[in-house]
Amino acid sequence: MTPAPLLELDGVSVDYDRVRVLDRISLTVRPGEVVGVVGESGSGKTTLAKAVLRAVDVSRGSRILVDGREVSRLRGRSLRAWRRSGAVQYVFQDPLRSLDPGVRVADSIVEGLRIAGVPAADAGRRRAEALEAVGLDEELIARLPAGLSGGQRQRAAIARALVVEPRLLLLDEPVSALDAASRDRVVKALIALRDARGSDLAMVVISHDIGSLAAMSDRLVVLDHGRIVEDGPTRRVVSRPEHPYTRLLIDSVPVIHTPTANRPSPVPVRS
């Protein structure tokens, strides 16, 4: 039996100063699924994530459900309580936005648990599990964020999101600011996380880099000017794109890697 959607967007629209940025977006993400959202700058990718987090207002008639609960109608105290529950966690493009530069990485990772009153021993165990999930050595987290490489900081930021045991992880351009080697390590960490957590965690990974998304995602959603122009299994989308805009994105990448059961495998881009 197909599991019920963990995330469901139904006709979601967002306007900024009377300009429509998202236009009637409908999308579902099921438990354990990794969905890549790709598009050029200005396509509405980050706004989509902010809408899920309720960081921007959605237009009348929009519906956003997380685990069956309609969060698009939450206000005030109910909205704050839902955010603090940690069901949805967000990872920024720049990890320095979520890691305090003056606080040891070890303390930053468990800050949310400390605020929630989680005992130190339990917080330490959950931190160790999150670090193992992202492939980051514990000895590194005694440092300040400036003492880590860009890729290490990003993996620490992902660990910080994981310790609160979210159902849904939103990652906004998680590798775009990294060099090639760091990008590869973060992508591999996300693939390992997908394989280890299974149905316990769903991820929405936002990027303009369709090559990186193809290596880690089960499905690809293509956004263009605030609308979904293509949505399908990753391997099908990259090998047989149906929309001209998708084809344009794919043609800009020489080789795309799509996931198999154990490791990425290259799919040559059609000429």
# chains A, B, ... in the order shown; residues from 1 in each chain; ligands from 1
call {"tool": "residues_around", "arguments": {"residues": "Ala156 of chain A", "least_positions_apart": "4", "cutoff": "9 Å", "atoms": "only C-alpha atoms", "output": "PDB file with N, CA, C and O atoms, in the first residue's frame"}}
result
ATOM      1  N   PRO A  95      26.008  27.613   5.730  1.00  0.00           N
ATOM      2  CA  PRO A  95      25.871  27.055   7.080  1.00  0.00           C
ATOM      3  C   PRO A  95      26.190  28.038   8.186  1.00  0.00           C
ATOM      4  O   PRO A  95      25.781  27.842   9.328  1.00  0.00           O
ATOM      5  N   LEU A  99      24.979  28.221  12.123  1.00  0.00           N
ATOM      6  CA  LEU A  99      26.010  27.923  13.120  1.00  0.00           C
ATOM      7  C   LEU A  99      26.569  29.241  13.647  1.00  0.00           C
ATOM      8  O   LEU A  99      27.153  30.018  12.894  1.00  0.00           O
ATOM      9  N   VAL A 105      30.996  24.172  17.513  1.00  0.00           N
ATOM     10  CA  VAL A 105      30.060  23.432  16.680  1.00  0.00           C
ATOM     11  C   VAL A 105      29.302  22.395  17.506  1.00  0.00           C
ATOM     12  O   VAL A 105      28.095  22.194  17.329  1.00  0.00           O
ATOM     13  N   ALA A 106      29.990  21.758  18.462  1.00  0.00           N
ATOM     14  CA  ALA A 106      29.348  20.755  19.309  1.00  0.00           C
ATOM     15  C   ALA A 106      28.148  21.328  20.038  1.00  0.00           C
ATOM     16  O   ALA A 106      27.104  20.672  20.167  1.00  0.00           O
ATOM     17  N   SER A 108      26.464  24.153  19.144  1.00  0.00           N
ATOM     18  CA  SER A 108      25.456  24.594  18.178  1.00  0.00           C
ATOM     19  C   SER A 108      24.553  23.451  17.753  1.00  0.00           C
ATOM     20  O   SER A 108      23.336  23.619  17.594  1.00  0.00           O
ATOM     21  N   ILE A 109      25.137  22.275  17.558  1.00  0.00           N
ATOM     22  CA  ILE A 109      24.361  21.137  17.068  1.00  0.00           C
ATOM     23  C   ILE A 109      23.244  20.767  18.037  1.00  0.00           C
ATOM     24  O   ILE A 109      22.128  20.426  17.621  1.00  0.00           O
ATOM     25  N   ALA A 130      23.701  11.729  14.786  1.00  0.00           N
ATOM     26  CA  ALA A 130      23.577  12.653  13.655  1.00  0.00           C
ATOM     27  C   ALA A 130      24.923  12.847  12.964  1.00  0.00           C
ATOM     28  O   ALA A 130      24.991  12.902  11.719  1.00  0.00           O
ATOM     29  N   LEU A 131      26.007  12.933  13.741  1.00  0.00           N
ATOM     30  CA  LEU A 131      27.332  13.085  13.142  1.00  0.00           C
ATOM     31  C   LEU A 131      27.703  11.854  12.319  1.00  0.00           C
ATOM     32  O   LEU A 131      28.282  11.964  11.238  1.00  0.00           O
ATOM     33  N   VAL A 134      25.967  11.896   8.910  1.00  0.00           N
ATOM     34  CA  VAL A 134      26.503  12.795   7.880  1.00  0.00           C
ATOM     35  C   VAL A 134      27.992  12.585   7.648  1.00  0.00           C
ATOM     36  O   VAL A 134      28.617  13.311   6.862  1.00  0.00           O
ATOM     37  N   LEU A 136      30.700  12.928   9.760  1.00  0.00           N
ATOM     38  CA  LEU A 136      31.565  13.981  10.300  1.00  0.00           C
ATOM     39  C   LEU A 136      32.218  13.487  11.585  1.00  0.00           C
ATOM     40  O   LEU A 136      31.547  12.990  12.486  1.00  0.00           O
ATOM     41  N   ILE A 141      34.115  18.791  15.969  1.00  0.00           N
ATOM     42  CA  ILE A 141      33.078  19.677  16.483  1.00  0.00           C
ATOM     43  C   ILE A 141      33.495  20.423  17.751  1.00  0.00           C
ATOM     44  O   ILE A 141      32.736  21.246  18.255  1.00  0.00           O
ATOM     45  N   PRO A 145      33.041  27.282  14.081  1.00  0.00           N
ATOM     46  CA  PRO A 145      32.725  27.045  12.668  1.00  0.00           C
ATOM     47  C   PRO A 145      33.838  27.458  11.709  1.00  0.00           C
ATOM     48  O   PRO A 145      34.057  26.807  10.688  1.00  0.00           O
ATOM     49  N   GLY A 151      32.567  22.277   3.412  1.00  0.00           N
ATOM     50  CA  GLY A 151      31.820  21.027   3.383  1.00  0.00           C
ATOM     51  C   GLY A 151      31.567  20.476   4.772  1.00  0.00           C
ATOM     52  O   GLY A 151      30.490  19.928   5.061  1.00  0.00           O
ATOM     53  N   GLN A 152      32.561  20.605   5.655  1.00  0.00           N
ATOM     54  CA  GLN A 152      32.385  20.140   7.041  1.00  0.00           C
ATOM     55  C   GLN A 152      31.325  20.976   7.756  1.00  0.00           C
ATOM     56  O   GLN A 152      30.494  20.446   8.499  1.00  0.00           O
ATOM     57  N   ARG A 160      22.850  19.319  12.772  1.00  0.00           N
ATOM     58  CA  ARG A 160      22.079  20.173  13.675  1.00  0.00           C
ATOM     59  C   ARG A 160      20.585  20.030  13.408  1.00  0.00           C
ATOM     60  O   ARG A 160      19.765  20.054  14.338  1.00  0.00           O
ATOM     61  N   ALA A 161      20.227  19.906  12.125  1.00  0.00           N
ATOM     62  CA  ALA A 161      18.821  19.713  11.776  1.00  0.00           C
ATOM     63  C   ALA A 161      18.341  18.316  12.161  1.00  0.00           C
ATOM     64  O   ALA A 161      17.197  18.128  12.570  1.00  0.00           O
TER      65      ALA A 161
END
call {"tool": "select_by_dssp", "arguments": {"residues": "segment 10-201 of chain A", "states": "alpha helix (DSSP H)", "output": "VMD selection string"}}
result
chain A and resid 45 to 53 76 to 84 105 to 109 111 to 115 120 to 134 150 to 162 180 to 197
call {"tool": "atom_distance", "arguments": {"atom1": "atom CA of Leu74 of chain A", "atom2": "atom CA of Lys45 of chain A"}}
result
22.4 Å
call {"tool": "residues_around", "arguments": {"residues": "Ala51 of chain A", "least_positions_apart": "4", "cutoff": "10 Å", "atoms": "only C-alpha atoms", "output": "PyMOL selection string"}}
result
chain A and resi 9+12-14+22+46-47+55-58+64+72
call {"tool": "write_last_selection", "arguments": {"atoms": "N, CA and C atoms", "output": "short mmCIF file (atom, residue, chain, number, x, y, z; two decimals), in the first residue's frame"}}
result
data_model
loop_
_atom_site.label_atom_id
_atom_site.label_comp_id
_atom_site.auth_asym_id
_atom_site.auth_seq_id
_atom_site.Cartn_x
_atom_site.Cartn_y
_atom_site.Cartn_z
N LEU A 9 1.21 19.92 -0.99
CA LEU A 9 0.91 21.29 -1.38
C LEU A 9 -0.22 21.23 -2.41
N VAL A 12 -0.82 25.95 -4.19
CA VAL A 12 -0.14 26.98 -3.39
C VAL A 12 0.37 28.11 -4.28
N SER A 13 -0.05 29.32 -3.95
CA SER A 13 0.43 30.52 -4.64
C SER A 13 1.00 31.50 -3.63
N VAL A 14 2.04 32.21 -4.03
CA VAL A 14 2.66 33.23 -3.19
C VAL A 14 2.89 34.47 -4.03
N LEU A 22 5.00 32.08 -6.82
CA LEU A 22 4.56 30.69 -6.97
C LEU A 22 3.14 30.71 -7.49
N THR A 46 13.26 28.70 -3.55
CA THR A 46 13.38 29.04 -2.13
C THR A 46 12.04 29.48 -1.56
N THR A 47 11.25 30.17 -2.34
CA THR A 47 9.92 30.58 -1.87
C THR A 47 9.05 29.36 -1.56
N ALA A 55 7.11 30.66 6.45
CA ALA A 55 7.91 31.88 6.59
C ALA A 55 7.43 32.97 5.65
N VAL A 56 6.57 32.63 4.69
CA VAL A 56 5.92 33.61 3.82
C VAL A 56 4.43 33.29 3.82
N ASP A 57 3.62 34.30 3.55
CA ASP A 57 2.18 34.11 3.48
C ASP A 57 1.80 33.50 2.14
N VAL A 58 0.87 32.57 2.17
CA VAL A 58 0.36 31.98 0.94
C VAL A 58 -0.99 32.61 0.61
N ILE A 64 -1.46 23.69 2.61
CA ILE A 64 -0.21 22.98 2.87
C ILE A 64 -0.46 22.05 4.05
N SER A 72 -1.11 25.47 6.75
CA SER A 72 -1.32 26.76 6.08
C SER A 72 -2.31 27.64 6.83
#
call {"tool": "closest_residue", "arguments": {"among": "A:Leu178, A:Ile250, A:Val29, A:Val21", "to": "Ser199 of chain A", "atoms": "only C-alpha atoms"}}
result
A:Val29
call {"tool": "select_by_dssp", "arguments": {"residues": "segment 10-230 of chain A", "states": "strand (DSSP E)", "output": "mmCIF file with N, CA, C and O atoms, in the first residue's frame"}}
result
data_model
loop_
_atom_site.group_PDB
_atom_site.id
_atom_site.type_symbol
_atom_site.label_atom_id
_atom_site.label_comp_id
_atom_site.auth_asym_id
_atom_site.auth_seq_id
_atom_site.Cartn_x
_atom_site.Cartn_y
_atom_site.Cartn_z
ATOM 1 N N ASP A 10 -1.268 21.975 -2.145
ATOM 2 C CA ASP A 10 -2.448 21.945 -3.004
ATOM 3 C C ASP A 10 -2.773 23.361 -3.464
ATOM 4 O O ASP A 10 -3.275 24.181 -2.691
ATOM 5 N N GLY A 11 -2.438 23.653 -4.721
ATOM 6 C CA GLY A 11 -2.752 24.955 -5.296
ATOM 7 C C GLY A 11 -2.098 26.112 -4.573
ATOM 8 O O GLY A 11 -2.716 27.170 -4.368
ATOM 9 N N VAL A 12 -0.821 25.953 -4.191
ATOM 10 C CA VAL A 12 -0.137 26.976 -3.392
ATOM 11 C C VAL A 12 0.371 28.108 -4.281
ATOM 12 O O VAL A 12 1.132 27.884 -5.227
ATOM 13 N N SER A 13 -0.046 29.323 -3.949
ATOM 14 C CA SER A 13 0.429 30.522 -4.640
ATOM 15 C C SER A 13 0.997 31.498 -3.628
ATOM 16 O O SER A 13 0.510 31.589 -2.492
ATOM 17 N N VAL A 14 2.038 32.211 -4.034
ATOM 18 C CA VAL A 14 2.659 33.233 -3.185
ATOM 19 C C VAL A 14 2.888 34.472 -4.035
ATOM 20 O O VAL A 14 3.398 34.380 -5.164
ATOM 21 N N ASP A 15 2.507 35.631 -3.503
ATOM 22 C CA ASP A 15 2.707 36.906 -4.189
ATOM 23 C C ASP A 15 3.629 37.785 -3.367
ATOM 24 O O ASP A 15 3.482 37.875 -2.141
ATOM 25 N N TYR A 16 4.588 38.437 -4.053
ATOM 26 C CA TYR A 16 5.421 39.463 -3.431
ATOM 27 C C TYR A 16 5.099 40.789 -4.107
ATOM 28 O O TYR A 16 5.337 40.941 -5.323
ATOM 29 N N VAL A 19 3.339 40.642 -7.257
ATOM 30 C CA VAL A 19 3.980 39.827 -8.297
ATOM 31 C C VAL A 19 3.877 38.367 -7.880
ATOM 32 O O VAL A 19 4.283 38.000 -6.770
ATOM 33 N N ARG A 20 3.341 37.517 -8.738
ATOM 34 C CA ARG A 20 3.161 36.104 -8.397
ATOM 35 C C ARG A 20 4.486 35.363 -8.548
ATOM 36 O O ARG A 20 5.066 35.305 -9.622
ATOM 37 N N VAL A 21 4.954 34.805 -7.423
ATOM 38 C CA VAL A 21 6.238 34.100 -7.402
ATOM 39 C C VAL A 21 6.029 32.593 -7.485
ATOM 40 O O VAL A 21 6.803 31.884 -8.131
ATOM 41 N N LEU A 22 4.997 32.082 -6.820
ATOM 42 C CA LEU A 22 4.562 30.691 -6.971
ATOM 43 C C LEU A 22 3.139 30.712 -7.492
ATOM 44 O O LEU A 22 2.294 31.444 -6.966
ATOM 45 N N ASP A 23 2.866 29.884 -8.491
ATOM 46 C CA ASP A 23 1.568 29.934 -9.153
ATOM 47 C C ASP A 23 0.889 28.565 -9.113
ATOM 48 O O ASP A 23 1.213 27.674 -9.901
ATOM 49 N N ARG A 24 0.008 28.388 -8.141
ATOM 50 C CA ARG A 24 -0.829 27.186 -8.016
ATOM 51 C C ARG A 24 -0.002 25.892 -8.040
ATOM 52 O O ARG A 24 -0.250 24.983 -8.819
ATOM 53 N N ILE A 25 0.971 25.835 -7.133
ATOM 54 C CA ILE A 25 1.845 24.666 -7.029
ATOM 55 C C ILE A 25 1.121 23.530 -6.307
ATOM 56 O O ILE A 25 0.576 23.709 -5.217
ATOM 57 N N SER A 26 1.116 22.357 -6.911
ATOM 58 C CA SER A 26 0.599 21.149 -6.263
ATOM 59 C C SER A 26 1.702 20.096 -6.292
ATOM 60 O O SER A 26 2.273 19.811 -7.350
ATOM 61 N N LEU A 27 2.000 19.561 -5.112
ATOM 62 C CA LEU A 27 3.140 18.666 -4.978
ATOM 63 C C LEU A 27 2.938 17.783 -3.759
ATOM 64 O O LEU A 27 2.438 18.239 -2.730
ATOM 65 N N THR A 28 3.319 16.513 -3.868
ATOM 66 C CA THR A 28 3.301 15.621 -2.707
ATOM 67 C C THR A 28 4.694 15.018 -2.514
ATOM 68 O O THR A 28 5.412 14.775 -3.476
ATOM 69 N N VAL A 29 5.040 14.802 -1.243
ATOM 70 C CA VAL A 29 6.283 14.128 -0.874
ATOM 71 C C VAL A 29 5.903 13.039 0.130
ATOM 72 O O VAL A 29 5.278 13.333 1.154
ATOM 73 N N VAL A 34 13.064 11.283 -1.483
ATOM 74 C CA VAL A 34 13.945 12.433 -1.678
ATOM 75 C C VAL A 34 13.546 13.100 -2.987
ATOM 76 O O VAL A 34 13.673 12.513 -4.064
ATOM 77 N N VAL A 35 13.040 14.314 -2.875
ATOM 78 C CA VAL A 35 12.548 15.048 -4.033
ATOM 79 C C VAL A 35 13.491 16.207 -4.315
ATOM 80 O O VAL A 35 13.753 17.044 -3.433
ATOM 81 N N GLY A 36 14.032 16.256 -5.533
ATOM 82 C CA GLY A 36 14.863 17.364 -5.949
ATOM 83 C C GLY A 36 14.014 18.406 -6.652
ATOM 84 O O GLY A 36 13.205 18.063 -7.512
ATOM 85 N N VAL A 37 14.194 19.671 -6.275
ATOM 86 C CA VAL A 37 13.485 20.779 -6.923
ATOM 87 C C VAL A 37 14.526 21.628 -7.632
ATOM 88 O O VAL A 37 15.423 22.191 -7.000
ATOM 89 N N VAL A 38 14.415 21.698 -8.935
ATOM 90 C CA VAL A 38 15.442 22.364 -9.735
ATOM 91 C C VAL A 38 14.825 23.485 -10.559
ATOM 92 O O VAL A 38 13.663 23.420 -10.968
ATOM 93 N N ARG A 63 -3.369 25.352 0.184
ATOM 94 C CA ARG A 63 -3.395 24.408 1.298
ATOM 95 C C ARG A 63 -2.046 23.708 1.391
ATOM 96 O O ARG A 63 -1.518 23.206 0.391
ATOM 97 N N ILE A 64 -1.462 23.686 2.609
ATOM 98 C CA ILE A 64 -0.208 22.983 2.872
ATOM 99 C C ILE A 64 -0.459 22.046 4.046
ATOM 100 O O ILE A 64 -0.858 22.495 5.125
ATOM 101 N N LEU A 65 -0.248 20.755 3.823
ATOM 102 C CA LEU A 65 -0.448 19.760 4.878
ATOM 103 C C LEU A 65 0.862 19.043 5.164
ATOM 104 O O LEU A 65 1.577 18.644 4.229
ATOM 105 N N VAL A 66 1.187 18.905 6.447
ATOM 106 C CA VAL A 66 2.352 18.148 6.888
ATOM 107 C C VAL A 66 1.854 17.060 7.826
ATOM 108 O O VAL A 66 1.240 17.356 8.859
ATOM 109 N N ARG A 69 -1.767 17.348 8.753
ATOM 110 C CA ARG A 69 -2.222 18.556 9.443
ATOM 111 C C ARG A 69 -2.089 19.758 8.514
ATOM 112 O O ARG A 69 -1.032 19.986 7.918
ATOM 113 N N GLU A 70 -3.153 20.533 8.407
ATOM 114 C CA GLU A 70 -3.112 21.691 7.520
ATOM 115 C C GLU A 70 -2.409 22.846 8.221
ATOM 116 O O GLU A 70 -3.001 23.578 9.023
ATOM 117 N N VAL A 88 9.617 19.731 10.779
ATOM 118 C CA VAL A 88 10.241 20.186 9.537
ATOM 119 C C VAL A 88 11.473 20.996 9.909
ATOM 120 O O VAL A 88 11.392 21.914 10.736
ATOM 121 N N GLN A 89 12.608 20.653 9.309
ATOM 122 C CA GLN A 89 13.849 21.379 9.555
ATOM 123 C C GLN A 89 14.409 21.907 8.240
ATOM 124 O O GLN A 89 14.260 21.269 7.187
ATOM 125 N N TYR A 90 15.065 23.061 8.337
ATOM 126 C CA TYR A 90 15.561 23.769 7.151
ATOM 127 C C TYR A 90 17.079 23.905 7.242
ATOM 128 O O TYR A 90 17.608 24.288 8.294
ATOM 129 N N VAL A 91 17.767 23.594 6.167
ATOM 130 C CA VAL A 91 19.224 23.748 6.093
ATOM 131 C C VAL A 91 19.530 24.836 5.070
ATOM 132 O O VAL A 91 19.163 24.723 3.895
ATOM 133 N N LEU A 168 10.673 15.774 8.021
ATOM 134 C CA LEU A 168 10.952 16.360 6.710
ATOM 135 C C LEU A 168 12.128 17.314 6.827
ATOM 136 O O LEU A 168 12.159 18.174 7.703
ATOM 137 N N LEU A 169 13.096 17.149 5.915
ATOM 138 C CA LEU A 169 14.281 18.002 5.869
ATOM 139 C C LEU A 169 14.255 18.788 4.563
ATOM 140 O O LEU A 169 14.179 18.205 3.478
ATOM 141 N N LEU A 170 14.294 20.118 4.683
ATOM 142 C CA LEU A 170 14.357 21.004 3.521
ATOM 143 C C LEU A 170 15.773 21.531 3.408
ATOM 144 O O LEU A 170 16.289 22.140 4.353
ATOM 145 N N LEU A 171 16.411 21.299 2.267
ATOM 146 C CA LEU A 171 17.786 21.749 2.064
ATOM 147 C C LEU A 171 17.814 22.707 0.880
ATOM 148 O O LEU A 171 17.480 22.338 -0.248
ATOM 149 N N ASP A 172 18.226 23.951 1.143
ATOM 150 C CA ASP A 172 18.207 24.996 0.125
ATOM 151 C C ASP A 172 19.613 25.211 -0.425
ATOM 152 O O ASP A 172 20.474 25.759 0.261
ATOM 153 N N ALA A 202 11.929 12.213 5.082
ATOM 154 C CA ALA A 202 11.810 12.649 3.690
ATOM 155 C C ALA A 202 12.648 13.908 3.507
ATOM 156 O O ALA A 202 12.845 14.672 4.460
ATOM 157 N N MET A 203 13.151 14.116 2.299
ATOM 158 C CA MET A 203 13.959 15.300 2.025
ATOM 159 C C MET A 203 13.476 15.992 0.756
ATOM 160 O O MET A 203 13.117 15.330 -0.221
ATOM 161 N N VAL A 204 13.480 17.318 0.813
ATOM 162 C CA VAL A 204 13.278 18.142 -0.376
ATOM 163 C C VAL A 204 14.563 18.935 -0.549
ATOM 164 O O VAL A 204 14.927 19.739 0.311
ATOM 165 N N VAL A 205 15.262 18.675 -1.644
ATOM 166 C CA VAL A 205 16.562 19.305 -1.893
ATOM 167 C C VAL A 205 16.403 20.284 -3.048
ATOM 168 O O VAL A 205 16.049 19.900 -4.160
ATOM 169 N N ILE A 206 16.676 21.560 -2.759
ATOM 170 C CA ILE A 206 16.479 22.635 -3.722
ATOM 171 C C ILE A 206 17.821 23.020 -4.317
ATOM 172 O O ILE A 206 18.797 23.208 -3.596
ATOM 173 N N SER A 207 17.876 23.123 -5.643
ATOM 174 C CA SER A 207 19.151 23.460 -6.283
ATOM 175 C C SER A 207 18.915 23.919 -7.717
ATOM 176 O O SER A 207 17.896 23.597 -8.329
ATOM 177 N N ARG A 219 12.879 11.627 -7.127
ATOM 178 C CA ARG A 219 12.052 12.358 -8.084
ATOM 179 C C ARG A 219 12.643 13.723 -8.337
ATOM 180 O O ARG A 219 13.299 14.299 -7.463
ATOM 181 N N LEU A 220 12.392 14.244 -9.533
ATOM 182 C CA LEU A 220 12.802 15.603 -9.868
ATOM 183 C C LEU A 220 11.562 16.431 -10.192
ATOM 184 O O LEU A 220 10.701 15.995 -10.959
ATOM 185 N N VAL A 221 11.505 17.604 -9.589
ATOM 186 C CA VAL A 221 10.456 18.577 -9.871
ATOM 187 C C VAL A 221 11.130 19.787 -10.490
ATOM 188 O O VAL A 221 12.074 20.338 -9.913
ATOM 189 N N VAL A 222 10.675 20.194 -11.660
ATOM 190 C CA VAL A 222 11.298 21.301 -12.389
ATOM 191 C C VAL A 222 10.389 22.518 -12.302
ATOM 192 O O VAL A 222 9.215 22.462 -12.694
ATOM 193 N N LEU A 223 10.946 23.619 -11.766
ATOM 194 C CA LEU A 223 10.200 24.868 -11.629
ATOM 195 C C LEU A 223 10.673 25.876 -12.661
ATOM 196 O O LEU A 223 11.872 26.050 -12.878
ATOM 197 N N ASP A 224 9.729 26.566 -13.262
ATOM 198 C CA ASP A 224 10.048 27.639 -14.205
ATOM 199 C C ASP A 224 9.036 28.753 -14.007
ATOM 200 O O ASP A 224 7.831 28.546 -14.167
ATOM 201 N N ARG A 227 6.060 27.940 -11.706
ATOM 202 C CA ARG A 227 5.168 26.830 -12.037
ATOM 203 C C ARG A 227 5.960 25.534 -12.201
ATOM 204 O O ARG A 227 7.107 25.554 -12.655
ATOM 205 N N ILE A 228 5.332 24.426 -11.833
ATOM 206 C CA ILE A 228 5.946 23.122 -12.077
ATOM 207 C C ILE A 228 5.710 22.741 -13.529
ATOM 208 O O ILE A 228 4.569 22.623 -13.975
ATOM 209 N N VAL A 229 6.811 22.573 -14.274
ATOM 210 C CA VAL A 229 6.679 22.211 -15.686
ATOM 211 C C VAL A 229 6.977 20.733 -15.916
ATOM 212 O O VAL A 229 6.665 20.205 -16.991
ATOM 213 N N GLU A 230 7.594 20.076 -14.911
ATOM 214 C CA GLU A 230 7.842 18.639 -15.039
ATOM 215 C C GLU A 230 8.029 18.041 -13.645
ATOM 216 O O GLU A 230 8.605 18.665 -12.758
#
call {"tool": "residues_around", "arguments": {"residues": "Glu129 of chain A", "least_positions_apart": "3", "cutoff": "12 Å", "atoms": "only C-alpha atoms", "output": "ChimeraX atom specification"}}
result
/A:109-110,122-126,132-138,159-160,162-165,193,196-197
call {"tool": "write_last_selection", "arguments": {"atoms": "N, CA, C and O atoms", "output": "compact mmCIF listing (two decimals), in the first residue's frame"}}
result
# COMPACT_ATOMS: atom_id res chain seq x y z
N ILE A 109 25.14 22.27 17.56
CA ILE A 109 24.36 21.14 17.07
C ILE A 109 23.24 20.77 18.04
O ILE A 109 22.13 20.43 17.62
N VAL A 110 23.51 20.85 19.34
CA VAL A 110 22.50 20.42 20.33
C VAL A 110 21.75 21.59 20.94
O VAL A 110 20.98 21.39 21.91
N ASP A 122 21.17 12.27 26.72
CA ASP A 122 20.36 11.95 25.55
C ASP A 122 20.75 12.84 24.38
O ASP A 122 20.86 12.39 23.23
N ALA A 123 21.00 14.12 24.67
CA ALA A 123 21.43 15.05 23.62
C ALA A 123 22.76 14.62 23.02
O ALA A 123 22.96 14.68 21.80
N GLY A 124 23.68 14.17 23.88
CA GLY A 124 24.98 13.70 23.38
C GLY A 124 24.84 12.48 22.49
O GLY A 124 25.53 12.37 21.47
N ARG A 125 23.96 11.57 22.88
CA ARG A 125 23.74 10.37 22.05
C ARG A 125 23.16 10.75 20.69
O ARG A 125 23.63 10.25 19.66
N ARG A 126 22.18 11.63 20.70
CA ARG A 126 21.56 12.02 19.44
C ARG A 126 22.53 12.80 18.56
O ARG A 126 22.51 12.68 17.33
N GLU A 132 27.36 10.67 12.83
CA GLU A 132 27.63 9.45 12.07
C GLU A 132 26.83 9.43 10.78
O GLU A 132 27.32 9.02 9.72
N ALA A 133 25.59 9.93 10.84
CA ALA A 133 24.72 9.93 9.66
C ALA A 133 25.28 10.80 8.55
O ALA A 133 25.09 10.51 7.36
N VAL A 134 25.97 11.90 8.91
CA VAL A 134 26.50 12.80 7.88
C VAL A 134 27.99 12.58 7.65
O VAL A 134 28.62 13.31 6.86
N GLY A 135 28.60 11.61 8.33
CA GLY A 135 30.00 11.29 8.10
C GLY A 135 30.97 12.34 8.58
O GLY A 135 31.98 12.62 7.92
N LEU A 136 30.70 12.93 9.76
CA LEU A 136 31.56 13.98 10.30
C LEU A 136 32.22 13.49 11.59
O LEU A 136 31.55 12.99 12.49
N ASP A 137 33.55 13.63 11.67
CA ASP A 137 34.29 13.18 12.85
C ASP A 137 33.94 14.02 14.07
O ASP A 137 33.90 15.25 14.00
N GLU A 138 33.75 13.35 15.21
CA GLU A 138 33.40 14.05 16.45
C GLU A 138 34.50 15.01 16.89
O GLU A 138 34.22 16.04 17.50
N ALA A 159 23.63 17.94 10.48
CA ALA A 159 23.54 17.22 11.75
C ALA A 159 22.71 18.01 12.75
O ALA A 159 21.92 17.43 13.52
N ARG A 160 22.85 19.32 12.77
CA ARG A 160 22.08 20.17 13.68
C ARG A 160 20.59 20.03 13.41
O ARG A 160 19.76 20.05 14.34
N LEU A 162 19.22 17.32 12.06
CA LEU A 162 18.82 15.94 12.30
C LEU A 162 18.61 15.61 13.77
O LEU A 162 17.82 14.71 14.08
N VAL A 163 19.30 16.28 14.67
CA VAL A 163 19.24 15.88 16.08
C VAL A 163 17.83 16.01 16.66
O VAL A 163 17.49 15.32 17.63
N VAL A 164 17.01 16.87 16.10
CA VAL A 164 15.64 17.02 16.62
C VAL A 164 14.69 16.00 16.01
O VAL A 164 13.49 16.03 16.27
N GLU A 165 15.25 15.09 15.21
CA GLU A 165 14.52 13.97 14.62
C GLU A 165 13.31 14.43 13.80
O GLU A 165 12.16 14.08 14.08
N LEU A 193 22.47 9.19 4.07
CA LEU A 193 21.37 9.52 4.98
C LEU A 193 20.06 8.99 4.43
O LEU A 193 19.25 8.39 5.16
N ALA A 196 20.04 5.23 4.96
CA ALA A 196 19.99 4.79 6.36
C ALA A 196 18.65 5.06 7.02
O ALA A 196 18.15 4.25 7.80
N ARG A 197 18.03 6.18 6.72
CA ARG A 197 16.81 6.58 7.42
C ARG A 197 15.55 6.00 6.80
O ARG A 197 14.52 5.90 7.48
call {"tool": "atom_distance", "arguments": {"atom1": "atom CA of Met216 of chain A", "atom2": "atom CA of Glu139 of chain A"}}
result
27.4 Å
call {"tool": "decode", "arguments": {"residues": "segment 33-38 of chain A", "atoms": "N, CA, C and O atoms", "output": "PDB file, in the first residue's frame"}}
result
ATOM      1  N   GLU A  33      10.926   9.596   0.851  1.00  0.00           N
ATOM      2  CA  GLU A  33      11.213  10.049  -0.515  1.00  0.00           C
ATOM      3  C   GLU A  33      12.176  11.237  -0.492  1.00  0.00           C
ATOM      4  O   GLU A  33      12.132  12.078   0.403  1.00  0.00           O
ATOM      5  N   VAL A  34      13.064  11.283  -1.483  1.00  0.00           N
ATOM      6  CA  VAL A  34      13.945  12.433  -1.678  1.00  0.00           C
ATOM      7  C   VAL A  34      13.546  13.100  -2.987  1.00  0.00           C
ATOM      8  O   VAL A  34      13.673  12.513  -4.064  1.00  0.00           O
ATOM      9  N   VAL A  35      13.040  14.314  -2.875  1.00  0.00           N
ATOM     10  CA  VAL A  35      12.548  15.048  -4.033  1.00  0.00           C
ATOM     11  C   VAL A  35      13.491  16.207  -4.315  1.00  0.00           C
ATOM     12  O   VAL A  35      13.753  17.044  -3.433  1.00  0.00           O
ATOM     13  N   GLY A  36      14.032  16.256  -5.533  1.00  0.00           N
ATOM     14  CA  GLY A  36      14.863  17.364  -5.949  1.00  0.00           C
ATOM     15  C   GLY A  36      14.014  18.406  -6.652  1.00  0.00           C
ATOM     16  O   GLY A  36      13.205  18.063  -7.512  1.00  0.00           O
ATOM     17  N   VAL A  37      14.194  19.671  -6.275  1.00  0.00           N
ATOM     18  CA  VAL A  37      13.485  20.779  -6.923  1.00  0.00           C
ATOM     19  C   VAL A  37      14.526  21.628  -7.632  1.00  0.00           C
ATOM     20  O   VAL A  37      15.423  22.191  -7.000  1.00  0.00           O
ATOM     21  N   VAL A  38      14.415  21.698  -8.935  1.00  0.00           N
ATOM     22  CA  VAL A  38      15.442  22.364  -9.735  1.00  0.00           C
ATOM     23  C   VAL A  38      14.825  23.485 -10.559  1.00  0.00           C
ATOM     24  O   VAL A  38      13.663  23.420 -10.968  1.00  0.00           O
TER      25      VAL A  38
END
